[in-house]
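work27.cif, holding mmCIF, C-alpha atoms:
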data_run
#
loop_
_atom_site.group_PDB
_atom_site.id
_atom_site.type_symbol
_atom_site.label_atom_id
_atom_site.label_comp_id
_atom_site.auth_asym_id
_atom_site.auth_seq_id
_atom_site.Cartn_x
_atom_site.Cartn_y
_atom_site.Cartn_z
ATOM 1 C CA MET L 7 35.179 42.509 30.478
ATOM 2 C CA LYS L 8 34.483 46.260 30.114
ATOM 3 C CA SER L 9 30.938 46.019 31.503
ATOM 4 C CA SER L 10 32.125 43.920 34.455
ATOM 5 C CA THR L 11 34.888 46.393 35.288
ATOM 6 C CA LEU L 12 32.487 49.350 35.003
ATOM 7 C CA HIS L 13 30.079 47.643 37.404
ATOM 8 C CA ILE L 14 32.859 47.130 39.957
ATOM 9 C CA VAL L 15 34.036 50.746 39.616
ATOM 10 C CA CYS L 16 30.522 52.106 40.201
ATOM 11 C CA LEU L 17 30.111 49.873 43.237
ATOM 12 C CA LEU L 18 33.411 51.068 44.704
ATOM 13 C CA ILE L 19 32.511 54.736 44.248
ATOM 14 C CA VAL L 20 29.167 54.285 46.031
ATOM 15 C CA LEU L 21 30.550 52.176 48.857
ATOM 16 C CA PHE L 22 33.892 53.752 49.649
ATOM 17 C CA THR L 23 33.515 57.507 49.086
ATOM 18 C CA GLY L 24 34.392 59.524 52.167
ATOM 19 C CA CYS L 25 35.778 56.698 54.302
ATOM 20 C CA ILE L 26 38.613 58.100 56.431
ATOM 21 C CA TYR L 27 39.838 56.916 59.803
ATOM 22 C CA GLU L 28 42.434 58.029 62.309
ATOM 23 C CA ASP L 29 46.070 56.892 62.114
ATOM 24 C CA LEU L 30 47.415 56.156 65.591
ATOM 25 C CA SER L 31 50.913 55.085 64.563
ATOM 26 C CA ASP L 32 52.597 57.955 66.481
ATOM 27 C CA CYS L 33 50.826 57.364 69.803
ATOM 28 C CA PRO L 34 53.196 55.699 72.288
ATOM 29 C CA VAL L 35 51.428 53.735 75.036
ATOM 30 C CA PRO L 36 52.415 51.307 77.786
ATOM 31 C CA ALA L 37 51.693 47.735 76.776
ATOM 32 C CA ASN L 38 50.214 44.550 78.161
ATOM 33 C CA VAL L 39 50.178 42.738 74.786
ATOM 34 C CA THR L 40 53.088 42.094 72.428
ATOM 35 C CA LEU L 41 52.401 40.656 68.987
ATOM 36 C CA HIS L 42 55.321 39.497 66.825
ATOM 37 C CA PHE L 43 55.139 39.396 63.012
ATOM 38 C CA GLN L 44 56.383 36.254 61.245
ATOM 39 C CA TYR L 45 56.465 34.899 57.688
ATOM 40 C CA THR L 46 58.185 31.602 56.918
ATOM 41 C CA GLY L 47 57.097 31.231 53.293
ATOM 42 C CA ASP L 48 57.511 27.651 52.075
ATOM 43 C CA GLY L 49 60.214 26.825 54.619
ATOM 44 C CA GLU L 50 60.832 27.003 58.335
ATOM 45 C CA ASN L 51 63.014 30.107 58.653
ATOM 46 C CA ASP L 52 61.533 33.563 59.150
ATOM 47 C CA MET L 53 61.567 35.496 55.836
ATOM 48 C CA PHE L 54 59.560 38.483 57.026
ATOM 49 C CA ARG L 55 62.246 41.124 56.536
ATOM 50 C CA SER L 56 63.107 40.001 53.018
ATOM 51 C CA ARG L 57 59.488 39.916 51.829
ATOM 52 C CA ILE L 58 57.429 42.497 53.730
ATOM 53 C CA ASN L 59 58.263 46.215 53.730
ATOM 54 C CA ASN L 60 55.270 47.694 55.539
ATOM 55 C CA VAL L 61 52.261 46.529 57.534
ATOM 56 C CA TYR L 62 48.774 47.981 57.986
ATOM 57 C CA LEU L 63 47.271 46.629 61.207
ATOM 58 C CA HIS L 64 43.564 46.725 62.075
ATOM 59 C CA LEU L 65 42.427 45.812 65.580
ATOM 60 C CA PHE L 66 38.823 44.709 66.227
ATOM 61 C CA ASN L 67 37.031 43.922 69.491
ATOM 62 C CA GLU L 68 34.850 40.873 70.205
ATOM 63 C CA LYS L 69 31.917 42.649 68.507
ATOM 64 C CA ASP L 70 34.054 42.976 65.341
ATOM 65 C CA GLU L 71 34.143 46.763 65.794
ATOM 66 C CA LEU L 72 37.281 48.608 64.716
ATOM 67 C CA MET L 73 39.378 49.722 67.707
ATOM 68 C CA ARG L 74 42.408 51.139 65.961
ATOM 69 C CA ILE L 75 44.488 51.143 62.796
ATOM 70 C CA GLN L 76 48.237 51.446 62.710
ATOM 71 C CA GLU L 77 50.763 51.595 59.899
ATOM 72 C CA PHE L 78 54.278 50.230 60.311
ATOM 73 C CA PRO L 79 56.708 51.561 57.675
ATOM 74 C CA GLU L 80 59.831 49.641 56.772
ATOM 75 C CA TRP L 81 62.168 51.535 59.112
ATOM 76 C CA GLN L 82 59.890 50.810 62.074
ATOM 77 C CA LEU L 83 59.646 47.105 61.218
ATOM 78 C CA ARG L 84 63.435 46.895 61.137
ATOM 79 C CA GLU L 85 63.561 48.304 64.678
ATOM 80 C CA LYS L 86 60.791 46.047 66.002
ATOM 81 C CA GLN L 87 59.147 43.258 64.033
ATOM 82 C CA GLY L 88 55.862 43.494 65.871
ATOM 83 C CA VAL L 89 53.625 45.738 67.964
ATOM 84 C CA ASP L 90 52.978 46.538 71.626
ATOM 85 C CA LEU L 91 49.374 47.221 72.676
ATOM 86 C CA LEU L 92 47.587 48.317 75.841
ATOM 87 C CA LEU L 93 44.181 46.630 75.909
ATOM 88 C CA ASP L 94 41.354 46.076 78.360
ATOM 89 C CA GLU L 95 40.311 42.552 79.237
ATOM 90 C CA GLY L 96 38.462 40.939 76.359
ATOM 91 C CA THR L 97 38.775 39.115 73.064
ATOM 92 C CA TYR L 98 40.346 40.819 70.056
ATOM 93 C CA LYS L 99 41.109 40.117 66.431
ATOM 94 C CA VAL L 100 44.013 41.592 64.491
ATOM 95 C CA VAL L 101 44.036 41.776 60.691
ATOM 96 C CA CYS L 102 47.283 42.781 58.967
ATOM 97 C CA TRP L 103 48.150 43.480 55.341
ATOM 98 C CA GLY L 104 51.767 43.675 54.255
ATOM 99 C CA ASN L 105 53.195 45.632 51.294
ATOM 100 C CA VAL L 106 50.313 48.078 50.974
ATOM 101 C CA PHE L 107 51.660 50.582 48.473
ATOM 102 C CA GLN L 108 50.310 52.661 45.562
ATOM 103 C CA ASN L 109 48.500 49.734 43.920
ATOM 104 C CA THR L 110 46.460 48.828 47.002
ATOM 105 C CA SER L 111 43.436 50.450 48.667
ATOM 106 C CA ILE L 112 41.798 49.361 51.925
ATOM 107 C CA ARG L 113 38.274 50.663 52.494
ATOM 108 C CA SER L 114 35.225 50.088 54.662
ATOM 109 C CA THR L 115 31.730 50.042 53.175
ATOM 110 C CA GLY L 116 30.024 51.204 56.370
ATOM 111 C CA GLU L 117 30.187 53.994 58.919
ATOM 112 C CA ASN L 118 30.443 51.512 61.818
ATOM 113 C CA SER L 119 33.764 50.128 60.459
ATOM 114 C CA ALA L 120 32.846 46.527 61.259
ATOM 115 C CA LEU L 121 35.296 43.817 60.248
ATOM 116 C CA SER L 122 32.902 42.455 57.629
ATOM 117 C CA SER L 123 32.722 45.878 55.944
ATOM 118 C CA TYR L 124 36.407 46.034 54.965
ATOM 119 C CA PHE L 125 37.795 45.161 51.547
ATOM 120 C CA VAL L 126 41.188 45.256 49.825
ATOM 121 C CA PHE L 127 41.400 46.007 46.105
ATOM 122 C CA ASN L 128 43.561 47.548 43.400
ATOM 123 C CA SER L 129 43.651 51.356 43.610
ATOM 124 C CA GLY L 130 43.117 51.706 39.868
ATOM 125 C CA LEU L 131 39.531 50.535 40.254
ATOM 126 C CA LEU L 132 38.614 53.706 42.160
ATOM 127 C CA ASN L 133 39.074 55.801 39.016
ATOM 128 C CA GLY L 134 38.129 53.187 36.455
ATOM 129 C CA ASP L 135 41.742 52.915 35.287
ATOM 130 C CA LYS L 136 43.266 49.874 33.656
ATOM 131 C CA VAL L 137 44.822 47.546 36.206
ATOM 132 C CA PHE L 138 48.434 46.663 35.437
ATOM 133 C CA THR L 139 49.598 44.914 38.589
ATOM 134 C CA ASP L 140 48.927 44.469 42.287
ATOM 135 C CA ASP L 141 51.378 44.992 45.119
ATOM 136 C CA SER L 142 52.962 41.805 46.493
ATOM 137 C CA LEU L 143 50.463 41.541 49.334
ATOM 138 C CA TYR L 144 50.791 39.427 52.461
ATOM 139 C CA PHE L 145 48.055 38.711 54.991
ATOM 140 C CA GLY L 146 48.099 37.937 58.686
ATOM 141 C CA THR L 147 45.306 37.529 61.208
ATOM 142 C CA HIS L 148 45.088 36.400 64.807
ATOM 143 C CA THR L 149 42.402 36.216 67.504
ATOM 144 C CA PHE L 150 43.498 36.420 71.146
ATOM 145 C CA HIS L 151 42.151 37.019 74.650
ATOM 146 C CA VAL L 152 43.475 39.555 77.142
ATOM 147 C CA THR L 153 43.191 38.812 80.863
ATOM 148 C CA GLU L 154 43.468 41.586 83.419
ATOM 149 C CA ASN L 155 46.936 41.928 85.016
ATOM 150 C CA VAL L 156 48.402 39.230 82.728
ATOM 151 C CA ARG L 157 50.921 40.204 80.069
ATOM 152 C CA LYS L 158 50.405 38.409 76.759
ATOM 153 C CA THR L 159 52.913 37.633 74.009
ATOM 154 C CA ASP L 160 51.773 36.076 70.741
ATOM 155 C CA THR L 161 52.666 35.764 67.045
ATOM 156 C CA ILE L 162 50.851 36.880 63.904
ATOM 157 C CA ARG L 163 51.813 34.481 61.114
ATOM 158 C CA PHE L 164 51.577 35.971 57.629
ATOM 159 C CA SER L 165 50.750 34.158 54.404
ATOM 160 C CA SER L 166 51.099 35.155 50.774
ATOM 161 C CA ALA L 167 48.135 37.002 49.257
ATOM 162 C CA HIS L 168 49.482 37.174 45.708
ATOM 163 C CA ILE L 169 50.687 35.195 42.710
ATOM 164 C CA ASN L 170 53.490 36.352 40.413
ATOM 165 C CA MET L 171 53.102 35.853 36.675
ATOM 166 C CA GLN L 172 55.633 36.419 33.901
ATOM 167 C CA ILE L 173 54.699 36.152 30.232
ATOM 168 C CA TYR L 174 57.346 35.989 27.503
ATOM 169 C CA VAL L 175 56.472 36.293 23.823
ATOM 170 C CA GLU L 176 58.962 35.335 21.124
ATOM 171 C CA GLY L 177 58.747 35.242 17.336
ATOM 172 C CA TRP L 178 56.361 38.185 17.238
ATOM 173 C CA THR L 179 57.514 39.367 13.809
ATOM 174 C CA THR L 180 56.724 35.938 12.290
ATOM 175 C CA THR L 181 53.047 36.867 12.728
ATOM 176 C CA ARG L 182 53.598 39.664 10.141
ATOM 177 C CA GLN L 183 53.817 42.340 12.828
ATOM 178 C CA THR L 184 56.276 45.174 12.313
ATOM 179 C CA PRO L 185 59.439 44.986 14.465
ATOM 180 C CA ASP L 186 58.704 48.277 16.272
ATOM 181 C CA THR L 187 55.311 47.163 17.618
ATOM 182 C CA ALA L 188 54.870 45.108 20.759
ATOM 183 C CA PRO L 189 52.087 42.661 21.563
ATOM 184 C CA SER L 190 49.496 43.625 24.155
ATOM 185 C CA ILE L 191 48.495 41.186 26.879
ATOM 186 C CA GLU L 192 45.201 40.857 28.723
ATOM 187 C CA ILE L 193 44.817 38.437 31.636
ATOM 188 C CA GLU L 194 41.086 37.927 31.986
ATOM 189 C CA ASN L 195 38.885 36.672 34.853
ATOM 190 C CA LEU L 196 41.148 37.574 37.770
ATOM 191 C CA PHE L 197 39.696 38.348 41.192
ATOM 192 C CA SER L 198 39.109 42.017 41.953
ATOM 193 C CA MET L 199 39.252 42.161 45.778
ATOM 194 C CA TYR L 200 39.655 40.410 49.133
ATOM 195 C CA ASP L 201 37.578 40.700 52.265
ATOM 196 C CA PHE L 202 39.300 40.824 55.672
ATOM 197 C CA GLU L 203 39.493 37.027 55.827
ATOM 198 C CA MET L 204 41.519 37.063 52.578
ATOM 199 C CA VAL L 205 38.565 35.519 50.757
ATOM 200 C CA THR L 206 38.159 36.682 47.167
ATOM 201 C CA THR L 207 34.824 38.321 46.465
ATOM 202 C CA GLU L 208 32.530 38.076 43.472
ATOM 203 C CA GLY L 209 33.461 40.202 40.482
ATOM 204 C CA GLN L 210 36.302 39.462 38.108
ATOM 205 C CA ILE L 211 38.405 41.887 36.116
ATOM 206 C CA SER L 212 41.222 41.949 33.566
ATOM 207 C CA TYR L 213 44.831 42.902 34.174
ATOM 208 C CA TYR L 214 46.958 44.494 31.432
ATOM 209 C CA PRO L 215 50.632 43.998 32.310
ATOM 210 C CA VAL L 216 53.175 46.353 30.759
ATOM 211 C CA VAL L 217 55.018 44.690 27.868
ATOM 212 C CA GLU L 218 58.661 45.500 27.159
ATOM 213 C CA GLN L 219 61.155 44.279 24.585
ATOM 214 C CA ASP L 220 64.155 42.618 26.183
ATOM 215 C CA THR L 221 67.287 44.440 25.058
ATOM 216 C CA GLY L 222 69.781 42.123 23.413
ATOM 217 C CA LYS L 223 67.351 39.230 23.146
ATOM 218 C CA GLY L 224 66.067 39.818 19.628
ATOM 219 C CA THR L 225 62.314 39.526 19.278
ATOM 220 C CA LEU L 226 61.644 38.509 22.888
ATOM 221 C CA PHE L 227 58.987 40.562 24.672
ATOM 222 C CA SER L 228 58.356 40.182 28.376
ATOM 223 C CA SER L 229 55.834 41.272 30.966
ATOM 224 C CA ALA L 230 55.427 40.697 34.691
ATOM 225 C CA THR L 231 52.453 41.218 36.957
ATOM 226 C CA THR L 232 51.285 40.377 40.462
ATOM 227 C CA VAL L 233 47.680 39.304 40.980
ATOM 228 C CA LYS L 234 45.389 38.055 43.729
ATOM 229 C CA ARG L 235 45.518 34.367 44.466
ATOM 230 C CA PHE L 236 43.461 31.846 42.516
ATOM 231 C CA THR L 237 43.386 28.045 42.503
ATOM 232 C CA GLU L 238 44.616 25.451 40.028
ATOM 233 C CA GLU L 239 41.045 25.225 38.749
ATOM 234 C CA ASN L 240 40.244 28.683 37.440
ATOM 235 C CA ASP L 241 38.685 30.594 34.547
ATOM 236 C CA VAL L 242 41.726 32.742 33.793
ATOM 237 C CA LEU L 243 42.526 33.399 30.138
ATOM 238 C CA VAL L 244 45.663 35.040 28.723
ATOM 239 C CA HIS L 245 45.095 36.893 25.452
ATOM 240 C CA ILE L 246 47.916 37.995 23.134
ATOM 241 C CA ARG L 247 46.833 40.776 20.785
ATOM 242 C CA ASN L 248 48.383 42.991 18.120
ATOM 243 C CA GLN L 249 48.123 46.780 17.938
ATOM 244 C CA GLU L 250 44.782 46.491 16.128
ATOM 245 C CA GLU L 251 43.409 44.579 19.168
ATOM 246 C CA GLU L 252 43.138 41.414 17.085
ATOM 247 C CA THR L 253 43.527 38.341 19.292
ATOM 248 C CA LEU L 254 46.294 36.132 17.871
ATOM 249 C CA PHE L 255 46.408 33.598 20.704
ATOM 250 C CA THR L 256 44.511 32.746 23.896
ATOM 251 C CA LEU L 257 45.903 30.549 26.658
ATOM 252 C CA ASP L 258 43.662 28.636 29.059
ATOM 253 C CA LEU L 259 45.646 29.059 32.268
ATOM 254 C CA ALA L 260 44.025 26.147 34.131
ATOM 255 C CA GLU L 261 44.981 23.790 31.300
ATOM 256 C CA PHE L 262 48.539 25.195 31.275
ATOM 257 C CA ILE L 263 48.805 24.646 35.037
ATOM 258 C CA ARG L 264 47.600 21.033 34.730
ATOM 259 C CA LYS L 265 49.915 20.161 31.855
ATOM 260 C CA ASN L 266 52.958 21.579 33.615
ATOM 261 C CA ASN L 267 52.162 20.306 37.132
ATOM 262 C CA ILE L 268 52.239 23.789 38.665
ATOM 263 C CA ARG L 269 51.184 23.751 42.297
ATOM 264 C CA ILE L 270 49.285 26.612 43.917
ATOM 265 C CA LYS L 271 47.434 25.033 46.842
ATOM 266 C CA GLY L 272 49.715 24.831 49.864
ATOM 267 C CA ILE L 273 52.435 26.944 48.220
ATOM 268 C CA GLN L 274 53.160 30.437 49.512
ATOM 269 C CA GLU L 275 55.506 31.868 46.876
ATOM 270 C CA VAL L 276 53.737 30.983 43.629
ATOM 271 C CA ASN L 277 55.415 31.989 40.378
ATOM 272 C CA ILE L 278 53.955 31.181 36.945
ATOM 273 C CA PRO L 279 56.392 31.851 34.056
ATOM 274 C CA ILE L 280 54.799 31.399 30.619
ATOM 275 C CA TYR L 281 56.792 31.217 27.381
ATOM 276 C CA ILE L 282 54.785 31.739 24.184
ATOM 277 C CA LYS L 283 56.593 31.294 20.872
ATOM 278 C CA PHE L 284 55.053 32.278 17.539
ATOM 279 C CA GLN L 285 56.255 30.526 14.385
ATOM 280 C CA GLY L 286 54.044 31.969 11.703
ATOM 281 C CA ILE L 287 50.571 30.520 12.256
ATOM 282 C CA ASN L 288 51.868 27.989 14.788
ATOM 283 C CA VAL L 289 52.209 28.729 18.491
ATOM 284 C CA SER L 290 54.005 26.715 21.177
ATOM 285 C CA VAL L 291 53.616 27.255 24.913
ATOM 286 C CA SER L 292 55.808 26.051 27.768
ATOM 287 C CA VAL L 293 57.086 27.001 31.198
ATOM 288 C CA ALA L 294 59.820 29.617 30.787
ATOM 289 C CA GLU L 295 63.196 28.229 31.825
ATOM 290 C CA TRP L 296 66.528 29.998 31.614
ATOM 291 C CA ASP L 297 69.971 28.714 30.656
ATOM 292 C CA SER L 298 73.269 29.760 32.248
ATOM 293 C CA GLU L 299 73.617 32.718 29.832
ATOM 294 C CA GLY L 300 70.249 34.225 30.726
ATOM 295 C CA ASN L 301 68.420 33.042 27.619
ATOM 296 C CA ILE L 302 65.115 31.179 27.570
ATOM 297 C CA LYS L 303 65.620 27.496 26.755
ATOM 298 C CA PRO L 304 64.005 26.326 23.507
ATOM 299 C CA SER L 305 60.340 25.433 23.775
ATOM 300 C CA LEU L 306 59.491 21.757 23.988
#
Let's see the structure in the file written out as structure tokens.
Amino acid sequence: MKSSTLHIVCLLIVLFTGCIYEDLSDCPVPANVTLHFQYTGDGENDMFRSRINNVYLHLFNEKDELMRIQEFPEWQLREKQGVDLLLDEGTYKVVCWGNVFQNTSIRSTGENSALSSYFVFNSGLLNGDKVFTDDSLYFGTHTFHVTENVRKTDTIRFSSAHINMQIYVEGWTTTRQTPDTAPSIEIENLFSMYDFEMVTTEGQISYYPVVEQDTGKGTLFSSATTVKRFTEENDVLVHIRNQEEETLFTLDLAEFIRKNNIRIKGIQEVNIPIYIKFQGINVSVSVAEWDSEGNIKPSL
């Protein structure tokens, strides 16, 4: 995966260097359009405030040209869960990304800032750094028409743009590893970026989630990461390696998803907990489940 990652890094440097645009978040204006933000997750009730802590809004005209960008920090979203706009008559498209923090970059590949030129990707790729995790991104888009002298109120409905994964490794010392060394984990063939329709683009990379030993749980190691969405049918591989970078086990994630009836399509809040147990040369894999005392239930 090193050559693939290097190719993506070089592409990002060429395309995105020097792209800066104006932040209009402090410009109060009268309004003829009000857009509310909403996220209902996998239910019917609005969960926006419990899931989304900031919003980056991009407004495009009917020619898909950028009109403005506005950031809404958490305190502002708590005061008003939406935005007021003053717009001329015409057709507009709004694209919003929620939870854009240190792991997320939004860049345009062109000077004209057209909608099709924008991409969202992990910030680590700009410097060629290892990618550990994404932010828990959410996406919302809406196209609407403004008529002169008519006030418009509408809703931007967000959807999840991420999948949560947890990987637990137990019995590590039975593989003849020393107790003070942790396994390393590589999740291979994950998508590297979205366009502004939340479509994943070509180019796959590896994520390397941080691995920690769970205090009080013996030889249990755990890691958690957030990645861009993929489908049940995917090419994702999970590699467990020792400190010498020797691969001791590889999990085919699509096969794991099929065997355990994990649904992704049509589900907003997707969580994939993987429990890998080493017993010498034997390895068992199951969905991680917890008992009432906070311990992982024995593997099937």
Test item: residues at most 12 Å from region 82-86 of chain L, all atoms listed in the file, excluding those fewer than 4 positions along its chain, as a list in words: Ser31, Asp32, Thr40, Leu41, His42, Phe43, Gln44, Phe54, Arg55, Ser56, Arg57, Ile58, Asn59, Asn60, Val61, Tyr62, Gln76, Glu77, Phe78, Asp90, Gly104 and Asn105 of chain L
For the structure shown, which residues end up in the PyMOL selection byres ((chain L and resi 91-93) around 7)? Put them as an MDAnalysis selection string, please? chainID L and resid 35:40 89:90 94:95
Evaluate the PyMOL selection byres ((chain L and resi 238-251) around 8) here and jot the selected residues down as number ranges by chain. L: 183, 187-196, 236-237, 252-260, 263-264, 268-271
State, in Å with one decimal place, the distance from CA of Ser142 (chain L) to CA of Asn51 (chain L).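 Here the two named atoms are 19.6 Å from each other.
Of the residues listed (L:Gly146, L:Pro279, L:Pro215, L:Gly96), L:Pro279 shows the shortest atom-to-atom separation from Val291 (chain L); distances use only C-alpha atoms.
When all atoms listed in the file are used to compute distances to Glu218 (chain L), the closest of the residues L:Tyr174, L:Val101, L:Val106, L:Thr153 turns out to be L:Tyr174.
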Output the residue selection produced by the PyMOL selection byres ((chain L and resi 201-207) around 12) on the file above, formatted as a count of residues only. 50
Polymer residues at most 12 Å from Thr179 (chain L), all atoms listed in the file, same-chain spacing of 2 or more positions, as a tab-separated table (two decimals) with C-alpha atoms, in the frame of the given file:
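To be explicit, this is the file written out as result_13.tsv:
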chain	number	residue	atom	x	y	z
L	175	VAL	CA	56.47	36.29	23.82
L	176	GLU	CA	58.96	35.34	21.12
L	177	GLY	CA	58.75	35.24	17.34
L	181	THR	CA	53.05	36.87	12.73
L	182	ARG	CA	53.60	39.66	10.14
L	183	GLN	CA	53.82	42.34	12.83
L	184	THR	CA	56.28	45.17	12.31
L	185	PRO	CA	59.44	44.99	14.46
L	186	ASP	CA	58.70	48.28	16.27
L	187	THR	CA	55.31	47.16	17.62
L	188	ALA	CA	54.87	45.11	20.76
L	189	PRO	CA	52.09	42.66	21.56
L	224	GLY	CA	66.07	39.82	19.63
L	225	THR	CA	62.31	39.53	19.28
L	226	LEU	CA	61.64	38.51	22.89
L	227	PHE	CA	58.99	40.56	24.67
L	248	ASN	CA	48.38	42.99	18.12
L	283	LYS	CA	56.59	31.29	20.87
L	284	PHE	CA	55.05	32.28	17.54
L	285	GLN	CA	56.26	30.53	14.38
L	286	GLY	CA	54.04	31.97	11.70
L	287	ILE	CA	50.57	30.52	12.26
